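Heads up: the structure comes next, in structure tokens.
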Amino acid sequence: QDKKNRIMDYLSKKETLVYLAFTVDALNTLVTFPLFAARGPKWMLANVHSASGDTIPQSEADRESFKTLWELFMVCYEGYFGFTISTLVCIYRFPETVPVFAYSLFALYLCKAMFLWKRYMKKGNTIDAQTKSKFGMVLFFFLPCYGGVLGFSAP
């Protein structure tokens with residue numbers, strides 16, 4: 001009974017929303033970044049489909065322009081990986097930072113939702129399964145979790 005009360009007390013805290021959402025986000029990044037880094041661009045082309053659903057031939061990875069874009073992508077992903085690790089450590093080590101990260105992540109996911117919405121509208125109100133899934137996760141999981149902290153923190 002005491003353990004059940006402690007669990008319910010923890011779940012009722014607004015910060016739990018951020019811990020849940022960011023831990024999911026961090027686990028995704030902790031898995032995908034090493035895969036991209038270790039397996040390289042040809043693996044990515046074989047496993048990640050374009051927005052139109054087409055598979056891009058692996059021979060594209062040998063083009064100089066693709067190599068340049070791959071390097072840029074990996075630099076950006078490396079930065080995001082570092083941000084994710086440092087944020088994860090920070091929110092668990094210093095819980096008072098949770099609201100600050102919730103504000104910034106809410107803004108980030110709001111921008112992502114607008115980007116996905118524009119993609120949806122550009123395609124004449126049709127959307128591929130991958131974009132639909134991402135859009136649903138942003139709208140019904142990440143935005144409520146990060147926005148929930150903002151709503152509960154408002155004076």
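A note on labels: chains of the structure tokens are A, B, ... as shown, every chain counts residues from 1, and ligands are counted from 1 in their shown order.
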Quick one: everything within 12 Å of Val98 in chain A, counting only C-alpha atoms, minus sequence neighbours fewer than 6 positions away in the same chain. Send it as a list in words.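 In the requested form, the answer reads Lys13, Lys14, Glu15, Thr16, Leu17, Val18, Tyr19, Leu20, Ala21, Phe22, Thr87, Leu88, Val89, Cys90, Ile91, Tyr92, Ser104, Leu105, Phe106, Cys145, Tyr146, Val149, Leu150 and Ser153 of chain A.
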For the selection you just gave me, I'd like the residues written to a file as a CSV table (one decimal), in the first residue's frame, keeping N, CA, C and O atoms.
```csv
chain,number,residue,atom,x,y,z
A,13,LYS,N,3.0,14.3,-10.1
A,13,LYS,CA,3.8,15.5,-10.2
A,13,LYS,C,4.0,15.9,-11.7
A,13,LYS,O,4.2,15.0,-12.5
A,14,LYS,N,3.9,17.2,-11.9
A,14,LYS,CA,3.9,17.6,-13.3
A,14,LYS,C,5.3,17.3,-14.0
A,14,LYS,O,5.3,17.1,-15.2
A,15,GLU,N,6.4,17.3,-13.2
A,15,GLU,CA,7.7,17.0,-13.8
A,15,GLU,C,7.7,15.6,-14.4
A,15,GLU,O,8.5,15.3,-15.3
A,16,THR,N,6.9,14.7,-13.9
A,16,THR,CA,6.9,13.3,-14.5
A,16,THR,C,6.6,13.3,-16.0
A,16,THR,O,7.1,12.5,-16.7
A,17,LEU,N,5.8,14.3,-16.4
A,17,LEU,CA,5.5,14.4,-17.8
A,17,LEU,C,6.7,14.6,-18.6
A,17,LEU,O,6.9,14.0,-19.7
A,18,VAL,N,7.6,15.5,-18.1
A,18,VAL,CA,8.8,15.8,-18.9
A,18,VAL,C,9.8,14.6,-18.8
A,18,VAL,O,10.4,14.3,-19.8
A,19,TYR,N,9.9,14.0,-17.6
A,19,TYR,CA,10.8,12.8,-17.5
A,19,TYR,C,10.3,11.7,-18.4
A,19,TYR,O,11.2,11.1,-19.1
A,20,LEU,N,9.1,11.5,-18.5
A,20,LEU,CA,8.5,10.5,-19.4
A,20,LEU,C,8.9,10.8,-20.9
A,20,LEU,O,9.5,10.0,-21.6
A,21,ALA,N,8.5,12.0,-21.3
A,21,ALA,CA,8.6,12.4,-22.7
A,21,ALA,C,10.1,12.4,-23.1
A,21,ALA,O,10.5,11.9,-24.2
A,22,PHE,N,10.9,13.0,-22.2
A,22,PHE,CA,12.3,13.2,-22.6
A,22,PHE,C,13.1,11.9,-22.5
A,22,PHE,O,14.0,11.7,-23.3
A,87,THR,N,21.1,17.1,-21.5
A,87,THR,CA,19.7,17.4,-20.9
A,87,THR,C,19.2,16.3,-20.0
A,87,THR,O,18.7,16.6,-19.0
A,88,LEU,N,19.4,15.1,-20.5
A,88,LEU,CA,19.0,13.9,-19.7
A,88,LEU,C,19.7,13.9,-18.3
A,88,LEU,O,19.1,13.8,-17.3
A,89,VAL,N,21.0,14.1,-18.3
A,89,VAL,CA,21.8,14.2,-17.0
A,89,VAL,C,21.3,15.4,-16.2
A,89,VAL,O,21.0,15.3,-15.0
A,90,CYS,N,21.1,16.5,-16.9
A,90,CYS,CA,20.7,17.7,-16.1
A,90,CYS,C,19.3,17.6,-15.5
A,90,CYS,O,19.2,18.0,-14.3
A,91,ILE,N,18.3,17.1,-16.2
A,91,ILE,CA,17.0,17.1,-15.6
A,91,ILE,C,16.9,16.1,-14.4
A,91,ILE,O,16.1,16.3,-13.5
A,92,TYR,N,17.7,15.0,-14.5
A,92,TYR,CA,17.7,14.0,-13.4
A,92,TYR,C,18.5,14.5,-12.2
A,92,TYR,O,18.2,14.2,-11.1
A,104,SER,N,11.7,25.0,-23.6
A,104,SER,CA,12.4,24.9,-24.8
A,104,SER,C,12.0,23.7,-25.7
A,104,SER,O,11.8,23.8,-26.9
A,105,LEU,N,11.7,22.6,-25.1
A,105,LEU,CA,11.2,21.4,-25.8
A,105,LEU,C,9.8,21.6,-26.3
A,105,LEU,O,9.5,21.1,-27.4
A,106,PHE,N,9.0,22.3,-25.6
A,106,PHE,CA,7.6,22.6,-26.1
A,106,PHE,C,7.7,23.4,-27.4
A,106,PHE,O,7.1,23.1,-28.4
A,145,CYS,N,2.9,16.5,-23.1
A,145,CYS,CA,3.8,16.2,-21.9
A,145,CYS,C,4.6,17.5,-21.6
A,145,CYS,O,4.6,17.9,-20.4
A,146,TYR,N,5.2,18.1,-22.6
A,146,TYR,CA,6.0,19.4,-22.4
A,146,TYR,C,5.1,20.5,-22.1
A,146,TYR,O,5.3,21.4,-21.2
A,149,VAL,N,3.5,20.7,-18.4
A,149,VAL,CA,4.3,21.3,-17.4
A,149,VAL,C,4.1,22.8,-17.4
A,149,VAL,O,3.9,23.5,-16.4
A,150,LEU,N,4.0,23.4,-18.6
A,150,LEU,CA,3.8,24.8,-18.8
A,150,LEU,C,2.4,25.2,-18.2
A,150,LEU,O,2.3,26.2,-17.5
A,153,SER,N,2.4,25.0,-14.5
A,153,SER,CA,3.3,26.0,-13.9
A,153,SER,C,2.8,27.4,-13.9
A,153,SER,O,3.4,28.3,-13.3
```
Any chance you could list, as JSON, numbers by chain, the residues in range 1-75 of chain A that come up alpha helix (DSSP H) when DSSP is run on the backbone? {"A": [2, 3, 4, 5, 6, 7, 8, 9, 10, 11, 15, 16, 17, 18, 19, 20, 21, 22, 23, 24, 25, 26, 27, 28, 29, 30, 31, 32, 33, 34, 35, 36, 37, 38, 39, 40, 41, 42, 43, 44, 45, 46, 47, 64, 65, 66, 67, 68, 69, 70, 71, 72, 73, 74, 75]}
Excluding same-chain residues fewer than 5 positions from Tyr77 in chain A, what lies within 9 Å of it counting only C-alpha atoms, as a compact mmCIF listing (two decimals) with all heavy atoms, in the first residue's frame?
```
# COMPACT_ATOMS: atom_id res chain seq x y z
N THR A 29 17.13 8.55 -29.42
CA THR A 29 18.39 9.13 -29.90
C THR A 29 19.58 8.24 -29.55
O THR A 29 20.51 8.08 -30.35
CB THR A 29 18.59 10.54 -29.30
OG1 THR A 29 17.45 11.33 -29.63
CG2 THR A 29 19.83 11.21 -29.83
N PHE A 33 21.35 7.29 -33.18
CA PHE A 33 22.61 7.95 -33.54
C PHE A 33 23.75 6.94 -33.72
O PHE A 33 24.45 6.97 -34.73
CB PHE A 33 23.00 9.03 -32.53
CG PHE A 33 24.34 9.63 -32.82
CD1 PHE A 33 24.53 10.48 -33.91
CD2 PHE A 33 25.44 9.34 -32.03
CE1 PHE A 33 25.77 11.03 -34.20
CE2 PHE A 33 26.69 9.87 -32.31
CZ PHE A 33 26.85 10.73 -33.39
N LEU A 72 27.25 16.79 -43.08
CA LEU A 72 26.47 17.83 -42.42
C LEU A 72 25.42 17.22 -41.50
O LEU A 72 25.25 17.64 -40.35
CB LEU A 72 25.82 18.75 -43.46
CG LEU A 72 24.93 19.85 -42.91
CD1 LEU A 72 25.73 20.83 -42.06
CD2 LEU A 72 24.25 20.59 -44.06
N GLY A 82 24.59 15.10 -28.27
CA GLY A 82 25.20 15.74 -27.10
C GLY A 82 24.20 16.52 -26.28
O GLY A 82 24.20 16.46 -25.04
```
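Using only C-alpha atoms, the smallest distance between any of A:Ile85, A:Ser133, A:Lys118, A:Pro41 and Leu69 in chain A comes from A:Pro41.
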Here is a test: counting only C-alpha atoms, which residue of A:Phe81, A:Thr68, A:Lys122, A:Tyr103 is nearest to Asp25 in chain A?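 With only C-alpha atoms as the atom set, the closest residue is A:Phe81.
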Quick one: pull the distance between CA of Thr55 in chain A and CA of Pro34 in chain A, Å, one decimal.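 These two atoms are separated by 21.9 Å.
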Which residues are near Glu71 in chain A? Cut-off 12 Å, only C-alpha atoms, ignore same chain within fewer than 3 positions. Put them as a PDB file with N, CA and C atoms, in the first residue's frame.
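This is the output file selection-v3.pdb:
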```pdb
ATOM      1  N   PHE A  36      23.306   5.126 -37.083  1.00  0.00           N
ATOM      2  CA  PHE A  36      23.705   5.946 -38.231  1.00  0.00           C
ATOM      3  C   PHE A  36      25.230   6.072 -38.303  1.00  0.00           C
ATOM      4  N   ALA A  37      25.865   6.310 -37.155  1.00  0.00           N
ATOM      5  CA  ALA A  37      27.313   6.513 -37.134  1.00  0.00           C
ATOM      6  C   ALA A  37      28.069   5.235 -37.495  1.00  0.00           C
ATOM      7  N   GLY A  40      26.545   3.764 -41.338  1.00  0.00           N
ATOM      8  CA  GLY A  40      26.813   4.645 -42.462  1.00  0.00           C
ATOM      9  C   GLY A  40      25.653   4.947 -43.395  1.00  0.00           C
ATOM     10  N   PRO A  41      25.968   5.710 -44.439  1.00  0.00           N
ATOM     11  CA  PRO A  41      24.926   6.229 -45.323  1.00  0.00           C
ATOM     12  C   PRO A  41      24.217   5.165 -46.165  1.00  0.00           C
ATOM     13  N   ALA A  61      24.846   7.083 -52.284  1.00  0.00           N
ATOM     14  CA  ALA A  61      25.789   7.381 -51.194  1.00  0.00           C
ATOM     15  C   ALA A  61      27.209   7.605 -51.698  1.00  0.00           C
ATOM     16  N   GLU A  64      29.451  12.648 -54.546  1.00  0.00           N
ATOM     17  CA  GLU A  64      30.153  13.646 -53.714  1.00  0.00           C
ATOM     18  C   GLU A  64      29.158  14.558 -52.987  1.00  0.00           C
ATOM     19  N   SER A  65      28.092  14.943 -53.675  1.00  0.00           N
ATOM     20  CA  SER A  65      27.095  15.817 -53.046  1.00  0.00           C
ATOM     21  C   SER A  65      26.404  15.119 -51.881  1.00  0.00           C
ATOM     22  N   PHE A  66      26.153  13.818 -52.025  1.00  0.00           N
ATOM     23  CA  PHE A  66      25.530  13.069 -50.937  1.00  0.00           C
ATOM     24  C   PHE A  66      26.491  12.951 -49.754  1.00  0.00           C
ATOM     25  N   LYS A  67      27.762  12.714 -50.040  1.00  0.00           N
ATOM     26  CA  LYS A  67      28.759  12.612 -48.966  1.00  0.00           C
ATOM     27  C   LYS A  67      28.825  13.910 -48.161  1.00  0.00           C
ATOM     28  N   THR A  68      28.734  15.042 -48.852  1.00  0.00           N
ATOM     29  CA  THR A  68      28.753  16.343 -48.167  1.00  0.00           C
ATOM     30  C   THR A  68      27.522  16.503 -47.281  1.00  0.00           C
ATOM     31  N   MET A  74      25.473  14.300 -40.055  1.00  0.00           N
ATOM     32  CA  MET A  74      26.105  13.678 -38.894  1.00  0.00           C
ATOM     33  C   MET A  74      26.609  14.717 -37.893  1.00  0.00           C
ATOM     34  N   VAL A  75      27.093  15.855 -38.360  1.00  0.00           N
ATOM     35  CA  VAL A  75      27.501  16.924 -37.438  1.00  0.00           C
ATOM     36  C   VAL A  75      26.281  17.413 -36.651  1.00  0.00           C
ATOM     37  N   CYS A  76      25.182  17.624 -37.353  1.00  0.00           N
ATOM     38  CA  CYS A  76      23.951  18.072 -36.681  1.00  0.00           C
ATOM     39  C   CYS A  76      23.446  17.014 -35.707  1.00  0.00           C
ATOM     40  N   TYR A  77      23.459  15.757 -36.124  1.00  0.00           N
ATOM     41  CA  TYR A  77      22.968  14.680 -35.271  1.00  0.00           C
ATOM     42  C   TYR A  77      23.878  14.494 -34.060  1.00  0.00           C
ATOM     43  N   GLU A  78      25.175  14.683 -34.256  1.00  0.00           N
ATOM     44  CA  GLU A  78      26.116  14.602 -33.139  1.00  0.00           C
ATOM     45  C   GLU A  78      25.813  15.688 -32.107  1.00  0.00           C
TER      46      GLU A  78
END
```
Given only C-alpha atoms, how would the per-residue table for range 12-120 of chain A near range 135-144 of chain A read, listing every residue at most 8 Å away with its closest atom pair and distance in Å to one decimal, sorted by chain and number, as CSV?
```
residue,atom,partner,partner_atom,distance
A:Ala21,CA,A:Phe142,CA,6.0
A:Phe106,CA,A:Leu143,CA,6.0
A:Tyr109,CA,A:Leu143,CA,6.4
A:Leu110,CA,A:Leu143,CA,7.0
A:Lys112,CA,A:Val138,CA,7.6
A:Ala113,CA,A:Val138,CA,6.3
A:Leu116,CA,A:Phe135,CA,6.2
A:Trp117,CA,A:Phe135,CA,7.7
```
Selection from above, all heavy atoms, as a PDB file, in the first residue's frame, can you write it?
```
ATOM      1  N   ALA A  21       8.462  11.977 -21.324  1.00  0.00           N
ATOM      2  CA  ALA A  21       8.649  12.351 -22.730  1.00  0.00           C
ATOM      3  C   ALA A  21      10.123  12.424 -23.101  1.00  0.00           C
ATOM      4  O   ALA A  21      10.524  11.920 -24.151  1.00  0.00           O
ATOM      5  CB  ALA A  21       7.959  13.688 -23.014  1.00  0.00           C
ATOM      6  N   PHE A 106       8.985  22.281 -25.599  1.00  0.00           N
ATOM      7  CA  PHE A 106       7.638  22.567 -26.104  1.00  0.00           C
ATOM      8  C   PHE A 106       7.741  23.403 -27.373  1.00  0.00           C
ATOM      9  O   PHE A 106       7.073  23.107 -28.373  1.00  0.00           O
ATOM     10  CB  PHE A 106       6.803  23.299 -25.048  1.00  0.00           C
ATOM     11  CG  PHE A 106       5.405  23.599 -25.514  1.00  0.00           C
ATOM     12  CD1 PHE A 106       4.444  22.604 -25.547  1.00  0.00           C
ATOM     13  CD2 PHE A 106       5.055  24.877 -25.921  1.00  0.00           C
ATOM     14  CE1 PHE A 106       3.153  22.870 -25.990  1.00  0.00           C
ATOM     15  CE2 PHE A 106       3.768  25.157 -26.355  1.00  0.00           C
ATOM     16  CZ  PHE A 106       2.811  24.146 -26.388  1.00  0.00           C
ATOM     17  N   TYR A 109       9.018  21.177 -30.272  1.00  0.00           N
ATOM     18  CA  TYR A 109       7.998  20.273 -30.806  1.00  0.00           C
ATOM     19  C   TYR A 109       6.839  21.027 -31.456  1.00  0.00           C
ATOM     20  O   TYR A 109       6.188  20.504 -32.360  1.00  0.00           O
ATOM     21  CB  TYR A 109       7.519  19.290 -29.736  1.00  0.00           C
ATOM     22  CG  TYR A 109       8.450  18.103 -29.661  1.00  0.00           C
ATOM     23  CD1 TYR A 109       9.473  18.051 -28.731  1.00  0.00           C
ATOM     24  CD2 TYR A 109       8.343  17.069 -30.576  1.00  0.00           C
ATOM     25  CE1 TYR A 109      10.349  16.982 -28.697  1.00  0.00           C
ATOM     26  CE2 TYR A 109       9.210  15.993 -30.547  1.00  0.00           C
ATOM     27  CZ  TYR A 109      10.211  15.955 -29.609  1.00  0.00           C
ATOM     28  OH  TYR A 109      11.079  14.895 -29.583  1.00  0.00           O
ATOM     29  N   LEU A 110       6.592  22.244 -31.033  1.00  0.00           N
ATOM     30  CA  LEU A 110       5.596  23.063 -31.721  1.00  0.00           C
ATOM     31  C   LEU A 110       6.073  23.366 -33.142  1.00  0.00           C
ATOM     32  O   LEU A 110       5.299  23.267 -34.102  1.00  0.00           O
ATOM     33  CB  LEU A 110       5.346  24.357 -30.940  1.00  0.00           C
ATOM     34  CG  LEU A 110       4.135  25.175 -31.323  1.00  0.00           C
ATOM     35  CD1 LEU A 110       2.859  24.363 -31.194  1.00  0.00           C
ATOM     36  CD2 LEU A 110       4.047  26.405 -30.429  1.00  0.00           C
ATOM     37  N   LYS A 112       8.158  21.501 -34.833  1.00  0.00           N
ATOM     38  CA  LYS A 112       8.099  20.226 -35.551  1.00  0.00           C
ATOM     39  C   LYS A 112       6.665  19.942 -36.000  1.00  0.00           C
ATOM     40  O   LYS A 112       6.450  19.476 -37.123  1.00  0.00           O
ATOM     41  CB  LYS A 112       8.619  19.095 -34.673  1.00  0.00           C
ATOM     42  CG  LYS A 112       8.779  17.792 -35.405  1.00  0.00           C
ATOM     43  CD  LYS A 112       9.524  16.770 -34.578  1.00  0.00           C
ATOM     44  CE  LYS A 112       9.802  15.518 -35.386  1.00  0.00           C
ATOM     45  NZ  LYS A 112      10.661  14.588 -34.672  1.00  0.00           N
ATOM     46  N   ALA A 113       5.689  20.232 -35.151  1.00  0.00           N
ATOM     47  CA  ALA A 113       4.283  20.028 -35.526  1.00  0.00           C
ATOM     48  C   ALA A 113       3.904  20.922 -36.702  1.00  0.00           C
ATOM     49  O   ALA A 113       3.217  20.478 -37.630  1.00  0.00           O
ATOM     50  CB  ALA A 113       3.367  20.300 -34.328  1.00  0.00           C
ATOM     51  N   LEU A 116       5.443  19.423 -39.871  1.00  0.00           N
ATOM     52  CA  LEU A 116       4.698  18.254 -40.330  1.00  0.00           C
ATOM     53  C   LEU A 116       3.332  18.645 -40.898  1.00  0.00           C
ATOM     54  O   LEU A 116       2.863  18.047 -41.865  1.00  0.00           O
ATOM     55  CB  LEU A 116       4.551  17.242 -39.195  1.00  0.00           C
ATOM     56  CG  LEU A 116       5.853  16.575 -38.748  1.00  0.00           C
ATOM     57  CD1 LEU A 116       5.643  15.797 -37.452  1.00  0.00           C
ATOM     58  CD2 LEU A 116       6.411  15.678 -39.829  1.00  0.00           C
ATOM     59  N   TRP A 117       2.698  19.655 -40.303  1.00  0.00           N
ATOM     60  CA  TRP A 117       1.410  20.142 -40.808  1.00  0.00           C
ATOM     61  C   TRP A 117       1.579  20.741 -42.211  1.00  0.00           C
ATOM     62  O   TRP A 117       0.768  20.488 -43.099  1.00  0.00           O
ATOM     63  CB  TRP A 117       0.808  21.164 -39.858  1.00  0.00           C
ATOM     64  CG  TRP A 117      -0.484  21.724 -40.369  1.00  0.00           C
ATOM     65  CD1 TRP A 117      -0.697  22.961 -40.887  1.00  0.00           C
ATOM     66  CD2 TRP A 117      -1.742  21.061 -40.431  1.00  0.00           C
ATOM     67  NE1 TRP A 117      -1.996  23.110 -41.265  1.00  0.00           N
ATOM     68  CE2 TRP A 117      -2.671  21.961 -40.997  1.00  0.00           C
ATOM     69  CE3 TRP A 117      -2.186  19.794 -40.061  1.00  0.00           C
ATOM     70  CZ2 TRP A 117      -4.001  21.631 -41.203  1.00  0.00           C
ATOM     71  CZ3 TRP A 117      -3.513  19.465 -40.269  1.00  0.00           C
ATOM     72  CH2 TRP A 117      -4.408  20.371 -40.828  1.00  0.00           C
TER      73      TRP A 117
END
```
